[in-house]
>>> print(open('input36.txt').read())   # compact mmCIF, C-alpha atoms and all ligand atoms
# COMPACT_ATOMS: atom_id res chain seq x y z
CA MET Y 1 0.00 0.00 0.00
CA ALA Y 2 1.38 3.38 -1.02
CA ARG Y 3 0.30 6.89 -0.10
CA VAL Y 4 -0.86 8.32 -3.40
CA ALA Y 5 -1.97 11.83 -4.31
CA ILE Y 6 -4.22 12.34 -7.29
CA ILE Y 7 -3.99 15.98 -8.43
CA GLY Y 8 -7.39 16.97 -9.86
CA GLN Y 9 -10.61 15.22 -8.80
CA GLY Y 10 -12.60 15.54 -12.01
CA TYR Y 11 -13.68 12.82 -14.45
CA VAL Y 12 -10.22 11.28 -14.60
CA GLY Y 13 -8.88 11.99 -11.13
CA LEU Y 14 -11.90 10.77 -9.20
CA THR Y 15 -12.10 7.66 -11.38
CA ILE Y 16 -8.47 6.77 -10.63
CA SER Y 17 -9.07 7.59 -6.97
CA LYS Y 18 -11.93 5.10 -6.86
CA PHE Y 19 -9.81 2.24 -8.20
CA ALA Y 20 -6.54 3.17 -6.47
CA SER Y 21 -8.20 3.60 -3.06
CA LYS Y 22 -9.15 -0.09 -3.07
CA VAL Y 23 -5.43 -0.80 -2.58
CA HIS Y 24 -3.72 2.44 -1.60
CA SER Y 25 -4.21 5.36 0.71
CA VAL Y 26 -5.38 8.14 -1.62
CA VAL Y 27 -5.31 11.90 -1.14
CA GLY Y 28 -7.63 13.50 -3.69
CA PHE Y 29 -6.20 16.97 -4.19
CA ASP Y 30 -8.29 19.63 -5.96
CA LEU Y 31 -8.19 23.42 -5.94
CA ASN Y 32 -12.00 23.56 -6.02
CA GLU Y 33 -12.87 23.80 -2.32
CA SER Y 34 -16.61 23.25 -2.69
CA LEU Y 35 -15.88 20.06 -4.66
CA VAL Y 36 -13.53 18.93 -1.87
CA THR Y 37 -16.28 19.49 0.72
CA GLN Y 38 -18.76 17.57 -1.42
CA LEU Y 39 -16.35 14.64 -1.93
CA ASN Y 40 -15.52 14.45 1.77
CA ALA Y 41 -19.27 14.27 2.42
CA GLY Y 42 -19.27 11.17 0.20
CA VAL Y 43 -21.10 12.71 -2.75
CA SER Y 44 -19.74 11.91 -6.22
CA HIS Y 45 -20.14 14.37 -9.10
CA ILE Y 46 -19.04 11.92 -11.80
CA GLU Y 47 -21.19 9.45 -13.75
CA GLY Y 48 -19.96 5.92 -13.13
CA ILE Y 49 -18.57 6.77 -9.67
CA GLU Y 50 -21.25 5.83 -7.20
CA SER Y 51 -21.41 7.86 -4.00
CA VAL Y 52 -21.64 4.59 -2.01
CA ASP Y 53 -18.22 3.54 -3.36
CA LEU Y 54 -16.77 6.90 -2.41
CA GLN Y 55 -18.31 6.59 1.06
CA ALA Y 56 -16.83 3.09 1.45
CA SER Y 57 -13.31 4.36 0.61
CA ILE Y 58 -13.71 7.25 3.06
CA LYS Y 59 -15.00 4.91 5.78
CA ALA Y 60 -12.09 2.50 5.23
CA GLY Y 61 -9.73 5.44 5.73
CA ASN Y 62 -8.39 5.03 2.19
CA TYR Y 63 -9.60 8.30 0.71
CA PHE Y 64 -10.04 11.92 1.57
CA ALA Y 65 -10.13 15.05 -0.54
CA THR Y 66 -8.25 18.24 0.20
CA SER Y 67 -7.22 21.61 -1.18
CA LYS Y 68 -4.29 21.84 1.22
CA GLY Y 69 -1.00 21.44 -0.61
CA SER Y 70 0.77 20.61 2.66
CA LEU Y 71 -1.08 17.26 2.76
CA LEU Y 72 0.87 16.15 -0.32
CA ALA Y 73 4.05 16.09 1.75
CA ASP Y 74 3.98 12.41 2.72
CA CYS Y 75 2.88 11.03 -0.65
CA GLU Y 76 5.17 8.66 -2.52
CA ILE Y 77 3.32 8.67 -5.83
CA LEU Y 78 1.63 11.74 -7.35
CA VAL Y 79 -0.65 11.41 -10.35
CA ILE Y 80 -1.52 14.55 -12.35
CA ALA Y 81 -5.08 14.55 -13.77
CA VAL Y 82 -5.85 18.20 -14.52
CA PRO Y 83 -7.46 19.85 -17.56
CA THR Y 84 -5.42 20.36 -20.72
CA PRO Y 85 -7.71 22.60 -22.79
CA LEU Y 86 -7.11 24.77 -25.81
CA GLY Y 87 -6.60 28.50 -25.38
CA SER Y 88 -8.71 31.03 -27.29
CA ASP Y 89 -6.14 30.69 -30.12
CA ARG Y 90 -6.91 26.90 -30.18
CA LYS Y 91 -3.33 26.20 -29.03
CA PRO Y 92 -2.43 23.90 -26.07
CA ASP Y 93 -3.00 25.54 -22.70
CA LEU Y 94 -0.78 23.92 -20.06
CA THR Y 95 -1.51 26.39 -17.27
CA TYR Y 96 -3.32 23.75 -15.15
CA ILE Y 97 -0.37 21.37 -15.57
CA GLU Y 98 1.94 24.20 -14.56
CA SER Y 99 -0.09 24.95 -11.41
CA ALA Y 100 -0.21 21.21 -10.56
CA CYS Y 101 3.60 21.06 -10.89
CA LYS Y 102 3.93 24.11 -8.66
CA VAL Y 103 1.81 22.69 -5.84
CA ILE Y 104 3.62 19.34 -6.02
CA ALA Y 105 7.10 20.91 -6.07
CA GLU Y 106 6.35 23.29 -3.22
CA ASN Y 107 5.05 20.58 -0.91
CA ILE Y 108 6.87 17.29 -1.40
CA ASN Y 109 9.78 16.61 0.89
CA ARG Y 110 11.31 13.45 -0.59
CA PRO Y 111 12.03 11.78 -3.94
CA VAL Y 112 8.71 10.64 -5.42
CA LEU Y 113 7.21 9.14 -8.55
CA ILE Y 114 5.28 11.73 -10.60
CA ILE Y 115 2.95 10.31 -13.25
CA ASN Y 116 1.04 12.41 -15.76
CA GLU Y 117 -2.36 11.08 -16.86
CA SER Y 118 -3.52 14.36 -18.43
CA THR Y 119 -3.57 14.30 -22.20
CA SER Y 120 -0.83 16.35 -23.82
CA PHE Y 121 1.65 16.41 -26.69
CA PRO Y 122 4.74 14.18 -26.94
CA GLY Y 123 7.52 15.62 -24.81
CA THR Y 124 5.26 17.00 -22.04
CA ILE Y 125 6.64 14.90 -19.19
CA ARG Y 126 10.26 15.25 -20.33
CA ASN Y 127 10.39 18.87 -21.50
CA TYR Y 128 7.63 20.51 -19.51
CA ILE Y 129 6.63 18.71 -16.30
CA LYS Y 130 10.12 17.69 -15.13
CA PRO Y 131 11.58 21.19 -15.71
CA ALA Y 132 8.53 22.80 -14.06
CA ILE Y 133 8.88 20.62 -10.95
CA GLU Y 134 12.59 21.45 -10.81
CA LYS Y 135 11.87 25.15 -11.27
CA TYR Y 136 9.41 25.31 -8.36
CA SER Y 137 11.31 23.00 -5.95
CA LYS Y 138 13.11 24.60 -3.05
CA GLN Y 139 15.10 21.42 -2.41
CA LYS Y 140 16.72 19.28 -5.10
CA PHE Y 141 15.33 15.72 -5.20
CA ASP Y 142 15.89 12.99 -7.74
CA HIS Y 143 12.27 12.34 -8.68
CA MET Y 144 11.04 9.67 -11.07
CA TYR Y 145 8.74 10.73 -13.93
CA ALA Y 146 6.34 8.70 -16.05
CA ILE Y 147 3.34 9.02 -18.33
CA SER Y 148 0.25 6.86 -18.41
CA PRO Y 149 -2.39 8.54 -20.55
CA GLU Y 150 -5.94 8.09 -19.36
CA ARG Y 151 -8.48 6.33 -21.56
CA VAL Y 152 -11.55 6.48 -19.32
CA ASP Y 153 -14.87 6.96 -21.10
CA PRO Y 154 -17.22 8.43 -18.46
CA GLY Y 155 -20.55 6.67 -18.26
CA ARG Y 156 -19.25 3.57 -20.05
CA GLU Y 157 -19.87 0.29 -18.24
CA ASP Y 158 -18.10 -2.40 -20.29
CA PHE Y 159 -14.62 -0.84 -20.07
CA ASN Y 160 -13.19 0.69 -16.90
CA GLN Y 161 -9.86 1.28 -15.17
CA LYS Y 162 -9.46 -2.40 -14.45
CA ASN Y 163 -9.98 -3.91 -17.88
CA THR Y 164 -8.95 -1.11 -20.27
CA PRO Y 165 -5.38 -1.68 -21.47
CA ARG Y 166 -3.16 1.04 -20.02
CA LEU Y 167 -0.08 2.46 -21.80
CA TYR Y 168 2.83 3.57 -19.69
CA ALA Y 169 6.52 4.55 -19.87
CA GLY Y 170 8.95 6.29 -17.54
CA LEU Y 171 11.79 8.66 -18.21
CA THR Y 172 14.11 6.05 -16.64
CA PRO Y 173 13.89 2.25 -16.31
CA GLU Y 174 13.28 2.69 -12.55
CA ALA Y 175 10.39 5.07 -13.19
CA THR Y 176 8.91 2.61 -15.69
CA ALA Y 177 9.19 -0.26 -13.19
CA ARG Y 178 7.62 1.75 -10.33
CA THR Y 179 4.80 2.87 -12.62
CA ARG Y 180 4.13 -0.74 -13.63
CA ASP Y 181 4.12 -1.80 -9.95
CA PHE Y 182 1.65 0.95 -9.10
CA TYR Y 183 -0.89 0.35 -11.87
CA SER Y 184 -0.63 -3.43 -11.64
CA THR Y 185 -2.33 -3.15 -8.23
CA PHE Y 186 -5.59 -2.11 -9.90
CA CYS Y 187 -5.26 -2.57 -13.70
CA ASP Y 188 -5.28 -5.98 -15.38
CA ASN Y 189 -3.73 -5.06 -18.70
CA LEU Y 190 -0.57 -2.93 -18.78
CA VAL Y 191 1.19 -2.10 -22.03
CA GLU Y 192 4.74 -0.81 -21.70
CA VAL Y 193 6.05 1.32 -24.55
CA SER Y 194 9.63 2.32 -25.25
CA SER Y 195 9.36 6.01 -24.33
CA PRO Y 196 6.95 8.48 -22.73
CA GLU Y 197 6.69 10.23 -26.10
CA VAL Y 198 5.22 7.07 -27.69
CA ALA Y 199 2.56 6.85 -24.98
CA GLU Y 200 1.75 10.56 -25.28
CA ALA Y 201 1.55 10.37 -29.09
CA ALA Y 202 -0.58 7.20 -29.01
CA LYS Y 203 -3.17 8.90 -26.80
CA LEU Y 204 -3.38 11.88 -29.13
CA PHE Y 205 -3.61 9.67 -32.19
CA GLU Y 206 -6.45 7.57 -30.74
CA ASN Y 207 -8.61 10.67 -30.49
CA THR Y 208 -7.36 12.15 -33.76
CA PHE Y 209 -8.42 8.94 -35.50
CA ARG Y 210 -11.92 9.44 -34.16
CA GLN Y 211 -12.03 13.15 -34.94
CA VAL Y 212 -10.95 12.64 -38.56
CA ASN Y 213 -13.37 9.74 -39.12
CA ILE Y 214 -16.27 11.65 -37.58
CA ALA Y 215 -15.50 14.57 -39.89
CA LEU Y 216 -15.36 12.20 -42.86
CA VAL Y 217 -18.75 10.74 -42.03
CA ASN Y 218 -20.18 14.24 -41.46
CA GLU Y 219 -18.99 15.16 -44.93
CA LEU Y 220 -20.63 11.98 -46.26
CA ALA Y 221 -23.89 13.05 -44.56
CA GLN Y 222 -23.81 16.30 -46.53
CA ILE Y 223 -22.97 14.53 -49.80
CA SER Y 224 -25.69 11.92 -49.18
CA HIS Y 225 -28.35 14.54 -48.48
CA ALA Y 226 -27.46 16.39 -51.68
CA LEU Y 227 -27.72 13.10 -53.58
CA GLY Y 228 -30.99 12.12 -51.90
CA ILE Y 229 -29.43 9.05 -50.23
CA ASP Y 230 -29.97 7.99 -46.61
CA VAL Y 231 -26.50 8.31 -45.03
CA ARG Y 232 -27.24 5.93 -42.14
CA GLU Y 233 -28.50 3.23 -44.48
CA THR Y 234 -25.33 3.70 -46.56
CA LEU Y 235 -23.19 3.33 -43.43
CA ASP Y 236 -25.14 0.24 -42.30
CA ALA Y 237 -24.61 -1.23 -45.77
CA ALA Y 238 -20.86 -0.47 -45.71
CA GLY Y 239 -20.73 -1.89 -42.18
CA THR Y 240 -21.70 -5.35 -43.43
CA LYS Y 241 -18.12 -5.70 -44.75
CA PRO Y 242 -16.47 -7.86 -42.10
CA TYR Y 243 -12.98 -6.37 -42.53
CA GLY Y 244 -11.30 -3.08 -43.45
CA PHE Y 245 -14.20 -0.85 -42.41
CA MET Y 246 -15.09 0.79 -39.13
CA LYS Y 247 -18.42 2.53 -38.72
CA PHE Y 248 -18.69 6.09 -37.41
CA ALA Y 249 -21.93 8.02 -37.08
CA PRO Y 250 -22.78 11.50 -38.38
CA SER Y 251 -23.61 14.13 -35.77
CA ALA Y 252 -23.86 17.82 -35.00
CA GLY Y 253 -20.10 17.82 -34.41
CA VAL Y 254 -17.72 16.61 -31.73
CA GLY Y 255 -17.77 17.52 -28.05
CA GLY Y 256 -16.20 16.74 -24.71
CA HIS Y 257 -12.75 17.39 -23.37
CA CYS Y 258 -11.00 15.00 -25.75
CA ILE Y 259 -12.02 14.65 -29.41
CA PRO Y 260 -12.31 18.37 -30.25
CA VAL Y 261 -9.17 19.22 -28.26
CA ASP Y 262 -6.53 16.48 -28.42
CA PRO Y 263 -5.98 16.55 -32.21
CA SER Y 264 -5.05 20.23 -31.95
CA TYR Y 265 -2.32 19.24 -29.46
CA LEU Y 266 -0.95 16.90 -32.14
CA ALA Y 267 -1.30 19.57 -34.86
CA ASP Y 268 0.54 22.09 -32.71
CA VAL Y 269 3.49 19.83 -31.97
CA ALA Y 270 3.56 18.80 -35.66
CA GLU Y 271 3.83 22.44 -36.70
CA LYS Y 272 6.73 22.91 -34.28
CA VAL Y 273 8.66 20.15 -36.06
CA GLY Y 274 7.79 21.49 -39.51
CA VAL Y 275 4.92 19.19 -40.51
CA GLU Y 276 1.53 20.58 -41.43
CA ALA Y 277 -1.25 18.43 -39.94
CA THR Y 278 -3.66 18.95 -42.85
CA PHE Y 279 -6.09 16.15 -41.95
CA ILE Y 280 -6.52 17.49 -38.44
CA LYS Y 281 -7.13 21.03 -39.64
CA ARG Y 282 -9.68 19.94 -42.25
CA ALA Y 283 -11.44 17.63 -39.77
CA ASN Y 284 -11.70 20.52 -37.31
CA GLU Y 285 -13.24 22.70 -40.01
CA VAL Y 286 -15.80 20.10 -41.09
CA ASN Y 287 -16.88 19.29 -37.53
CA LEU Y 288 -17.01 22.93 -36.43
CA ASP Y 289 -19.09 23.79 -39.53
CA MET Y 290 -21.73 21.10 -38.92
CA PRO Y 291 -23.96 23.32 -36.71
CA LYS Y 292 -24.05 25.96 -39.47
CA TYR Y 293 -24.91 23.30 -42.05
CA ILE Y 294 -27.69 21.94 -39.82
CA ALA Y 295 -29.15 25.39 -39.16
CA GLY Y 296 -29.15 25.99 -42.93
CA ARG Y 297 -30.95 22.68 -43.58
CA ILE Y 298 -33.57 23.50 -40.97
CA ALA Y 299 -34.17 26.96 -42.45
CA LYS Y 300 -34.51 25.47 -45.94
CA ASP Y 301 -37.09 22.95 -44.72
CA ASN Y 302 -39.05 25.78 -43.08
CA ASP Y 303 -39.81 27.92 -46.14
CA GLY Y 304 -36.27 29.32 -46.21
CA SER Y 305 -36.40 31.20 -42.89
CA ILE Y 306 -36.49 30.51 -39.16
CA LYS Y 307 -36.60 34.21 -38.24
CA GLY Y 308 -38.72 34.64 -35.10
CA LYS Y 309 -39.42 30.90 -34.84
CA LYS Y 310 -39.23 29.20 -31.42
CA VAL Y 311 -36.44 26.62 -31.79
CA LEU Y 312 -35.77 24.11 -29.00
CA VAL Y 313 -32.36 22.42 -28.94
CA VAL Y 314 -32.87 19.01 -27.33
CA GLY Y 315 -29.87 17.54 -25.49
CA VAL Y 316 -26.99 19.94 -24.83
CA ALA Y 317 -24.62 17.42 -23.21
CA TYR Y 318 -21.93 16.39 -25.66
CA LYS Y 319 -22.97 12.73 -25.48
CA PRO Y 320 -25.90 10.67 -24.17
CA ASN Y 321 -26.51 10.00 -20.48
CA VAL Y 322 -23.85 12.35 -19.10
CA ALA Y 323 -24.18 15.93 -17.85
CA ASP Y 324 -20.91 17.06 -19.47
CA THR Y 325 -21.38 20.08 -21.76
CA ARG Y 326 -17.73 20.83 -22.45
CA GLU Y 327 -17.16 21.77 -26.11
CA THR Y 328 -20.71 20.64 -26.89
CA PRO Y 329 -21.75 21.22 -30.51
CA ALA Y 330 -25.08 22.45 -29.07
CA GLU Y 331 -23.32 25.71 -28.24
CA LEU Y 332 -22.33 26.40 -31.85
CA LEU Y 333 -25.73 25.22 -33.08
CA ILE Y 334 -27.53 27.66 -30.79
CA GLY Y 335 -25.28 30.42 -32.16
CA ALA Y 336 -25.97 29.40 -35.78
CA LEU Y 337 -29.75 29.26 -35.18
CA LYS Y 338 -29.74 32.67 -33.48
CA GLU Y 339 -27.76 34.08 -36.38
CA LEU Y 340 -30.67 33.08 -38.61
CA GLY Y 341 -33.03 34.99 -36.33
CA ALA Y 342 -34.51 32.07 -34.35
CA VAL Y 343 -35.59 32.43 -30.73
CA VAL Y 344 -33.64 29.57 -29.20
CA SER Y 345 -34.11 27.66 -25.93
CA TRP Y 346 -32.72 24.32 -24.82
CA ASN Y 347 -33.91 21.22 -23.02
CA ASP Y 348 -31.72 18.72 -21.20
CA SER Y 349 -33.00 17.05 -18.04
CA VAL Y 350 -29.62 15.36 -17.41
CA VAL Y 351 -27.69 18.65 -17.58
CA GLY Y 352 -30.41 20.64 -15.73
CA LYS Y 353 -28.56 23.97 -15.51
CA TRP Y 354 -26.29 25.41 -18.19
CA HIS Y 355 -24.73 28.87 -18.54
CA GLY Y 356 -26.75 29.99 -15.52
CA SER Y 357 -30.15 29.08 -16.93
CA ASP Y 358 -32.48 26.10 -16.39
CA SER Y 359 -33.54 23.50 -18.90
CA SER Y 360 -36.73 24.57 -20.75
CA PRO Y 361 -39.72 22.25 -20.97
CA LEU Y 362 -39.75 19.76 -23.81
CA ALA Y 363 -42.82 21.39 -25.37
CA ASP Y 364 -44.33 24.32 -27.24
CA ALA Y 365 -41.65 24.85 -29.89
CA ASP Y 366 -42.06 25.55 -33.61
CA ILE Y 367 -38.93 23.53 -34.33
CA ALA Y 368 -36.98 21.00 -32.23
CA VAL Y 369 -33.41 19.94 -33.05
CA VAL Y 370 -32.00 16.87 -31.34
CA VAL Y 371 -28.26 17.17 -30.66
CA THR Y 372 -28.01 14.48 -27.96
CA LYS Y 373 -30.63 11.92 -27.03
CA HIS Y 374 -30.40 10.66 -23.46
CA ASP Y 375 -31.98 7.25 -22.78
CA ALA Y 376 -34.30 8.88 -20.23
CA VAL Y 377 -35.89 11.10 -22.88
CA ALA Y 378 -38.61 9.37 -24.90
CA SER Y 379 -38.64 9.86 -28.68
CA GLU Y 380 -42.43 10.31 -28.54
CA ASP Y 381 -42.04 13.28 -26.19
CA ILE Y 382 -39.48 14.85 -28.50
CA LEU Y 383 -41.78 14.35 -31.50
CA LYS Y 384 -44.65 15.96 -29.57
CA SER Y 385 -42.56 19.03 -28.64
CA ALA Y 386 -42.75 20.65 -32.09
CA PRO Y 387 -44.46 20.15 -35.47
CA TYR Y 388 -41.01 19.96 -37.13
CA VAL Y 389 -38.24 17.88 -35.49
CA PHE Y 390 -34.74 17.57 -36.94
CA ASP Y 391 -32.67 14.70 -35.56
CA THR Y 392 -28.86 14.66 -35.74
CA THR Y 393 -28.60 11.41 -33.74
CA GLY Y 394 -30.47 8.90 -35.89
CA LYS Y 395 -32.41 7.78 -32.82
CA VAL Y 396 -35.68 9.67 -33.16
CA LYS Y 397 -37.64 7.76 -35.77
CA GLY Y 398 -40.19 9.93 -37.52
CA ALA Y 399 -38.06 13.07 -37.29
CA VAL Y 400 -36.25 14.65 -40.26
CA GLN Y 401 -32.83 12.98 -40.32
CA LEU Y 402 -29.40 14.54 -40.80
N1 LIG H 1 -12.92 13.33 -19.25
C1 LIG H 1 -12.49 12.34 -19.98
O1 LIG H 1 -13.28 11.55 -20.48
C2 LIG H 1 -11.01 12.13 -20.22
C3 LIG H 1 -10.59 10.90 -20.75
C4 LIG H 1 -9.24 10.69 -20.95
C5 LIG H 1 -8.33 11.71 -20.67
N2 LIG H 1 -8.77 12.90 -20.18
C6 LIG H 1 -7.76 13.91 -19.86
O2 LIG H 1 -7.57 13.95 -18.45
C7 LIG H 1 -7.27 15.27 -18.01
C8 LIG H 1 -8.28 15.70 -16.94
O3 LIG H 1 -9.56 15.74 -17.53
P1 LIG H 1 -10.89 15.66 -16.67
O4 LIG H 1 -11.97 15.34 -17.64
O5 LIG H 1 -10.71 14.80 -15.49
O6 LIG H 1 -11.01 17.19 -16.20
P2 LIG H 1 -12.07 17.81 -15.15
O7 LIG H 1 -12.28 19.20 -15.56
O8 LIG H 1 -13.24 16.89 -15.01
O9 LIG H 1 -11.31 17.76 -13.76
C9 LIG H 1 -10.13 18.42 -13.54
C10 LIG H 1 -10.08 18.82 -12.07
O10 LIG H 1 -8.79 19.37 -11.84
C11 LIG H 1 -8.93 20.43 -10.93
N3 LIG H 1 -7.72 21.26 -11.04
C12 LIG H 1 -7.36 22.13 -11.99
N4 LIG H 1 -6.12 22.59 -11.75
C13 LIG H 1 -5.71 22.01 -10.62
C14 LIG H 1 -4.52 22.06 -9.86
N5 LIG H 1 -3.50 22.81 -10.22
N6 LIG H 1 -4.45 21.32 -8.74
C15 LIG H 1 -5.49 20.53 -8.37
N7 LIG H 1 -6.62 20.43 -9.05
C16 LIG H 1 -6.73 21.15 -10.16
C17 LIG H 1 -10.23 21.10 -11.31
O11 LIG H 1 -10.76 21.83 -10.21
C18 LIG H 1 -11.09 19.89 -11.67
O12 LIG H 1 -11.85 19.42 -10.57
C19 LIG H 1 -7.28 16.14 -19.27
O13 LIG H 1 -5.99 16.20 -19.78
C20 LIG H 1 -8.16 15.33 -20.22
O14 LIG H 1 -7.86 15.60 -21.56
C21 LIG H 1 -10.10 13.13 -19.93
>>> encode(input="input36.txt", output="structure tokens")
Amino acid sequence: MARVAIIGQGYVGLTISKFASKVHSVVGFDLNESLVTQLNAGVSHIEGIESVDLQASIKAGNYFATSKGSLLADCEILVIAVPTPLGSDRKPDLTYIESACKVIAENINRPVLIINESTSFPGTIRNYIKPAIEKYSKQKFDHMYAISPERVDPGREDFNQKNTPRLYAGLTPEATARTRDFYSTFCDNLVEVSSPEVAEAAKLFENTFRQVNIALVNELAQISHALGIDVRETLDAAGTKPYGFMKFAPSAGVGGHCIPVDPSYLADVAEKVGVEATFIKRANEVNLDMPKYIAGRIAKDNDGSIKGKKVLVVGVAYKPNVADTRETPAELLIGALKELGAVVSWNDSVVGKWHGSDSSPLADADIAVVVTKHDAVASEDILKSAPYVFDTTGKVKGAVQL
């Protein structure tokens, strides 16, 4: 049993805390004090992490949350799980990583193992985290550094921390071995790679692969509509090929903290080494333009104008059955609909509150547009909410399909 600090108690950090606290003594460090209070009261804010599990770890004395950096002092292993967003220029923003490094460096009092699970570009642990820790340390320690990119898919039940293969690599053979020892206490399938850069690049490529394929299928949706072909039937037909094809679904765009963001980390590092990441740029354009395309289709179907019409956007979470609205395409869609003069409201019972306002009733609209369909929302209710319903998800039968 080791004393482990997990820096950041969001989707990733709390998920690791849940699994690690079955074996280790875990300090869940987060700067958000109200979140810390909530976690210490045994209330989870993450889908897939049951409050009862959190309460069991607290009761067993294997978990507590804190915002006090001084409580990191006795930890032997520190795992960084903080946001790695894009700045307003759509370039990597490592300020959260920097602040995590600062709090670690200022409080640890011994050589430790520092593992980064946050998604970032190849070279982050070697050229950014290690130098940042050294910069902020008052005392010189010989720390070990490793990367193990997180692959958690919040809300997913078939794959979790235990059975999802986990990539890892340290900056030194000792760091690699310690990292393997740590994760082997709660992960069944560990995959060692030859360098941290390979692990960091693999994580970015996994999500780039999805982003590019989603863009491709979104382009196919536009081509199919223009040709008068049902895109989903085409994809089902192509999907009958038992090899060499992988099915992706058209949508209003990509959302969440990963798919719209991670490829731009790869594009940025590519640019720095003189390679233009043309696929990534084009995929970004196609996905970011989907809301505009959808708003245009809706206007066309409604006598060429939605000016003054009451439009209800149904489902503002970026994917079904979660309350996460980060980078949701609903945001751009609302903007595109407003630009065409529509009076826009939104409904999402899972999200509840968004941008300071409450979810509107699923009723009384002229037009409804489904961006995300949660299981708890019945298709019949969506169809009853407006005389014209446009569905980007393929799940609401009887609605106009993307
Ligand atoms: N959410 C996912 O599905 C997912 C999956 C795989 C990888 N990732 C990656 O994992 C990382 C974390 O993502 P997330 O979804 O858990 O983010 P999140 O926003 O859910 O949680 C991050 C937490 O870190 C806290 N925080 C920020 N700076 C801090 C600091 N200096 N010290 C302590 N706490 C700090 C925030 O208060 C927040 O609670 C990102 O790099 C992301 O790309 C996310």
>>> residues_around(input="input36.txt", residues="Gly341 in chain Y", least_positions_apart="6", cutoff="8 Å", atoms="all atoms listed in the file", output="PyMOL selection string")
chain Y and resi 306-309
>>> residues_near_ligand(input="input36.txt", ligand="ligand LIG 1 (chain H)", cutoff="9 Å", atoms="all atoms listed in the file", output="ChimeraX atom specification")
/Y:6-15,28-33,35-36,46,67,69,80-85,95-104,116-120,149-154,203,256-259,261-262,324,326
>>> atom_distance(input="input36.txt", atom1="CA of Ser385 in chain Y", atom2="CA of Leu332 in chain Y")
21.8 Å
>>> atom_distance(input="input36.txt", atom1="CA of Leu113 in chain Y", atom2="CA of Arg3 in chain Y")
11.1 Å
>>> residues_around(input="input36.txt", residues="range 174-176 of chain Y", least_positions_apart="2", cutoff="10 Å", atoms="only C-alpha atoms", output="PyMOL selection string")
chain Y and resi 112-115+143-147+168-172+178-182+192-196
>>> closest_residue(input="input36.txt", among="Y:Arg166, Y:Thr393, Y:Val344, Y:Val400", to="Ser184 in chain Y", atoms="all atoms listed in the file")
Y:Arg166
>>> atom_distance(input="input36.txt", atom1="CA of Tyr63 in chain Y", atom2="CA of Ser17 in chain Y")
7.7 Å
>>> residues_around(input="input36.txt", residues="Gly253 in chain Y", least_positions_apart="3", cutoff="7 Å", atoms="only C-alpha atoms", output="PDB file with C-alpha atoms, keeping the file's coordinate frame")
ATOM      1  CA  ASN Y 287     -16.880  19.290 -37.530  1.00  0.00           C
ATOM      2  CA  LEU Y 288     -17.010  22.930 -36.430  1.00  0.00           C
ATOM      3  CA  MET Y 290     -21.730  21.100 -38.920  1.00  0.00           C
ATOM      4  CA  PRO Y 329     -21.750  21.220 -30.510  1.00  0.00           C
TER       5      PRO Y 329
END
>>> residues_near_point(input="input36.txt", point="(-40.4, 19.2, -33.0)", cutoff="12 Å", atoms="only C-alpha atoms", output="number ranges by chain")
Y: 298, 309-314, 362-370, 379-391, 396, 398-400
>>> closest_residue(input="input36.txt", among="Y:Ser305, Y:Ser44, Y:Asn218, Y:Asn321", to="Ser349 in chain Y", atoms="all atoms listed in the file")
Y:Asn321
